[in-house]
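Text of work_30.cif, listed as mmCIF, C-alpha atoms:
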data_data
#
loop_
_atom_site.group_PDB
_atom_site.id
_atom_site.type_symbol
_atom_site.label_atom_id
_atom_site.label_comp_id
_atom_site.auth_asym_id
_atom_site.auth_seq_id
_atom_site.Cartn_x
_atom_site.Cartn_y
_atom_site.Cartn_z
ATOM 1 C CA MET G 1 3.540 228.768 158.306
ATOM 2 C CA GLU G 2 5.943 226.244 156.846
ATOM 3 C CA ALA G 3 7.691 227.110 153.617
ATOM 4 C CA LEU G 4 10.117 225.599 151.157
ATOM 5 C CA SER G 5 12.337 227.609 148.849
ATOM 6 C CA ILE G 6 13.813 225.944 145.749
ATOM 7 C CA ILE G 7 16.650 227.600 143.841
ATOM 8 C CA GLU G 8 17.714 225.804 140.674
ATOM 9 C CA LYS G 9 21.124 225.941 139.007
ATOM 10 C CA LYS G 10 22.147 224.138 135.838
ATOM 11 C CA GLY G 11 25.430 222.236 135.742
ATOM 12 C CA PRO G 12 27.127 220.423 132.859
ATOM 13 C CA ASN G 13 25.481 217.056 133.646
ATOM 14 C CA TYR G 14 23.031 217.864 136.422
ATOM 15 C CA ILE G 15 20.438 220.236 137.794
ATOM 16 C CA LEU G 16 21.167 221.503 141.305
ATOM 17 C CA MET G 17 18.175 222.152 143.533
ATOM 18 C CA GLU G 18 19.079 224.180 146.628
ATOM 19 C CA LEU G 19 16.337 223.586 149.183
ATOM 20 C CA THR G 20 15.703 225.848 152.167
ATOM 21 C CA GLY G 21 13.038 225.334 154.821
ATOM 22 C CA SER G 22 10.736 222.423 155.578
ATOM 23 C CA LEU G 23 10.320 219.532 153.170
ATOM 24 C CA ASN G 24 7.068 217.873 154.183
ATOM 25 C CA GLY G 25 3.585 216.913 153.094
ATOM 26 C CA TYR G 26 2.509 220.560 153.010
ATOM 27 C CA THR G 27 5.418 221.803 150.896
ATOM 28 C CA ILE G 28 6.331 218.911 148.569
ATOM 29 C CA GLY G 29 3.981 219.689 145.668
ATOM 30 C CA GLU G 30 6.346 221.813 143.567
ATOM 31 C CA PHE G 31 9.343 219.733 144.696
ATOM 32 C CA THR G 32 7.692 216.489 143.554
ATOM 33 C CA GLU G 33 6.729 217.901 140.162
ATOM 34 C CA LYS G 34 10.220 219.259 139.494
ATOM 35 C CA MET G 35 11.940 216.054 140.617
ATOM 36 C CA TYR G 36 9.875 213.821 138.331
ATOM 37 C CA ASN G 37 10.411 216.150 135.371
ATOM 38 C CA TYR G 38 14.160 216.504 135.911
ATOM 39 C CA ILE G 39 15.042 212.829 136.448
ATOM 40 C CA LYS G 40 13.739 212.056 132.959
ATOM 41 C CA GLU G 41 16.468 214.213 131.415
ATOM 42 C CA GLN G 42 19.418 214.615 133.790
ATOM 43 C CA ASN G 43 21.025 213.904 137.119
ATOM 44 C CA VAL G 44 19.585 215.799 140.063
ATOM 45 C CA VAL G 45 21.603 217.132 142.999
ATOM 46 C CA LEU G 46 19.583 218.021 146.098
ATOM 47 C CA ASP G 47 21.460 220.494 148.282
ATOM 48 C CA LEU G 48 19.896 219.890 151.704
ATOM 49 C CA ASN G 49 22.271 222.058 153.724
ATOM 50 C CA SER G 50 19.485 224.501 154.670
ATOM 51 C CA VAL G 51 16.635 222.031 155.138
ATOM 52 C CA LEU G 52 15.095 222.355 158.594
ATOM 53 C CA GLN G 53 12.883 219.270 158.496
ATOM 54 C CA ILE G 54 12.045 216.291 156.269
ATOM 55 C CA ASP G 55 8.980 214.170 156.988
ATOM 56 C CA SER G 56 8.009 210.699 155.788
ATOM 57 C CA ALA G 57 6.028 212.053 152.813
ATOM 58 C CA ALA G 58 9.102 213.885 151.536
ATOM 59 C CA MET G 59 11.301 210.850 152.162
ATOM 60 C CA GLY G 60 8.831 208.835 150.085
ATOM 61 C CA VAL G 61 9.210 211.251 147.175
ATOM 62 C CA ILE G 62 13.010 211.134 147.423
ATOM 63 C CA PHE G 63 13.022 207.309 147.549
ATOM 64 C CA ALA G 64 10.591 207.077 144.627
ATOM 65 C CA THR G 65 12.565 209.458 142.412
ATOM 66 C CA ILE G 66 15.809 207.648 143.201
ATOM 67 C CA ASN G 67 14.197 204.375 142.136
ATOM 68 C CA ASP G 68 12.484 205.879 139.083
ATOM 69 C CA SER G 69 15.666 207.638 137.928
ATOM 70 C CA GLU G 70 17.191 204.226 137.207
ATOM 71 C CA GLU G 71 14.631 203.799 134.411
ATOM 72 C CA TYR G 72 15.930 206.993 132.781
ATOM 73 C CA LYS G 73 19.598 206.178 133.466
ATOM 74 C CA THR G 74 20.001 209.238 135.654
ATOM 75 C CA LYS G 75 20.848 209.577 139.342
ATOM 76 C CA VAL G 76 19.712 211.569 142.343
ATOM 77 C CA PHE G 77 22.480 212.876 144.608
ATOM 78 C CA ILE G 78 22.065 214.229 148.134
ATOM 79 C CA MET G 79 24.545 217.028 148.865
ATOM 80 C CA ASN G 80 25.523 218.319 152.298
ATOM 81 C CA PRO G 81 22.448 217.203 154.261
ATOM 82 C CA SER G 82 21.733 219.317 157.334
ATOM 83 C CA GLU G 83 21.683 217.623 160.729
ATOM 84 C CA SER G 84 17.895 217.251 160.625
ATOM 85 C CA ALA G 85 18.035 215.912 157.052
ATOM 86 C CA ARG G 86 20.739 213.424 158.018
ATOM 87 C CA LYS G 87 18.610 212.237 160.950
ATOM 88 C CA ALA G 88 15.647 211.714 158.598
ATOM 89 C CA PHE G 89 17.819 209.597 156.293
ATOM 90 C CA ASP G 90 19.253 207.653 159.234
ATOM 91 C CA LYS G 91 15.738 206.838 160.478
ATOM 92 C CA THR G 92 15.023 205.015 157.217
ATOM 93 C CA GLY G 93 17.839 202.538 157.828
ATOM 94 C CA PHE G 94 18.904 202.985 154.203
ATOM 95 C CA THR G 95 21.423 205.834 154.533
ATOM 96 C CA ASP G 96 24.065 203.816 152.680
ATOM 97 C CA ASP G 97 21.733 203.517 149.677
ATOM 98 C CA PHE G 98 21.697 207.273 149.065
ATOM 99 C CA ASN G 99 24.299 208.919 146.821
ATOM 100 C CA ILE G 100 25.521 211.412 149.446
ATOM 101 C CA ILE G 101 28.104 213.880 148.148
ATOM 102 C CA HIS G 102 29.876 216.971 149.454
ATOM 103 C CA SER G 103 30.372 218.860 146.175
ATOM 104 C CA VAL G 104 28.835 218.944 142.706
ATOM 105 C CA THR G 105 32.265 217.970 141.355
ATOM 106 C CA GLU G 106 31.459 214.457 142.593
ATOM 107 C CA VAL G 107 28.621 214.083 140.093
ATOM 108 C CA SER G 108 29.758 211.810 137.308
ATOM 109 C CA ASP G 109 28.191 211.667 133.876
ATOM 110 C CA VAL G 110 25.752 208.795 133.474
ATOM 111 C CA SER G 111 25.831 207.209 130.051
#

Could you take the file, read its structure, and then write that structure out as structure tokens?
Amino acid sequence: MEALSIIEKKGPNYILMELTGSLNGYTIGEFTEKMYNYIKEQNVVLDLNSVLQIDSAAMGVIFATINDSEEYKTKVFIMNPSESARKAFDKTGFTDDFNIIHSVTEVSDVS
């Protein structure tokens, strides 16, 4: 059975979501709900270091929340993507469009 664990940590100008496991059509329900709620209020940092797999449904949610966050003047950051996560981003052809960071210290306040 595929599973996704989400651990949340609050920072000064962001919410950090540490994801572990598979991010796919079967596991994205809670992830999607949290992402859409958080982008309305603050920046979101997705720590993908322990993600084993990302499918097209999950990529769609990430793309959509990145686009929708602009409306709320917040940003979505991708932190330390695992090899499989990086491959999923590379497959989109839009890797350069993602805010990929290596540390939460790189998150800047959005006014």

Practice prompt. Kindly extract all protein, DNA and RNA residues lying within 10 Å of the coordinates (20.5, 221.9, 146.0) given in the file, considering all atoms listed in the file, and supply them as an MDAnalysis selection string.
Written response: chainID G and resid 6:9 15:20 44:51 77:81 104

Worksheet entry | d(atom CA of Lys73 of chain G, atom CA of Ala58 of chain G) in Å |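 Pair atom CA of Lys73 of chain G / atom CA of Ala58 of chain G returns 22.3 Å.
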
Fill in: Selected residue, from G:Tyr26, G:Phe89, G:Phe98, G:Tyr14, that lies nearest to Thr65 of chain G when counting only C-alpha atoms
G:Phe98

Worksheet item: Pick from G:Ile54, G:Ala3, G:Ala88, G:Val61: nearest to Val76 of chain G, with only C-alpha atoms counted?
Response: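 Between G:Ile54, G:Ala3, G:Ala88, G:Val61, the residue approaching Val76 of chain G most closely is G:Val61.
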
Discussion item. Between atom CA of Lys91 of chain G and atom CA of Ser56 of chain G, what is the distance in Å, rounded to a tenth?
Written reply: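 Pair atom CA of Lys91 of chain G / atom CA of Ser56 of chain G returns 9.8 Å.
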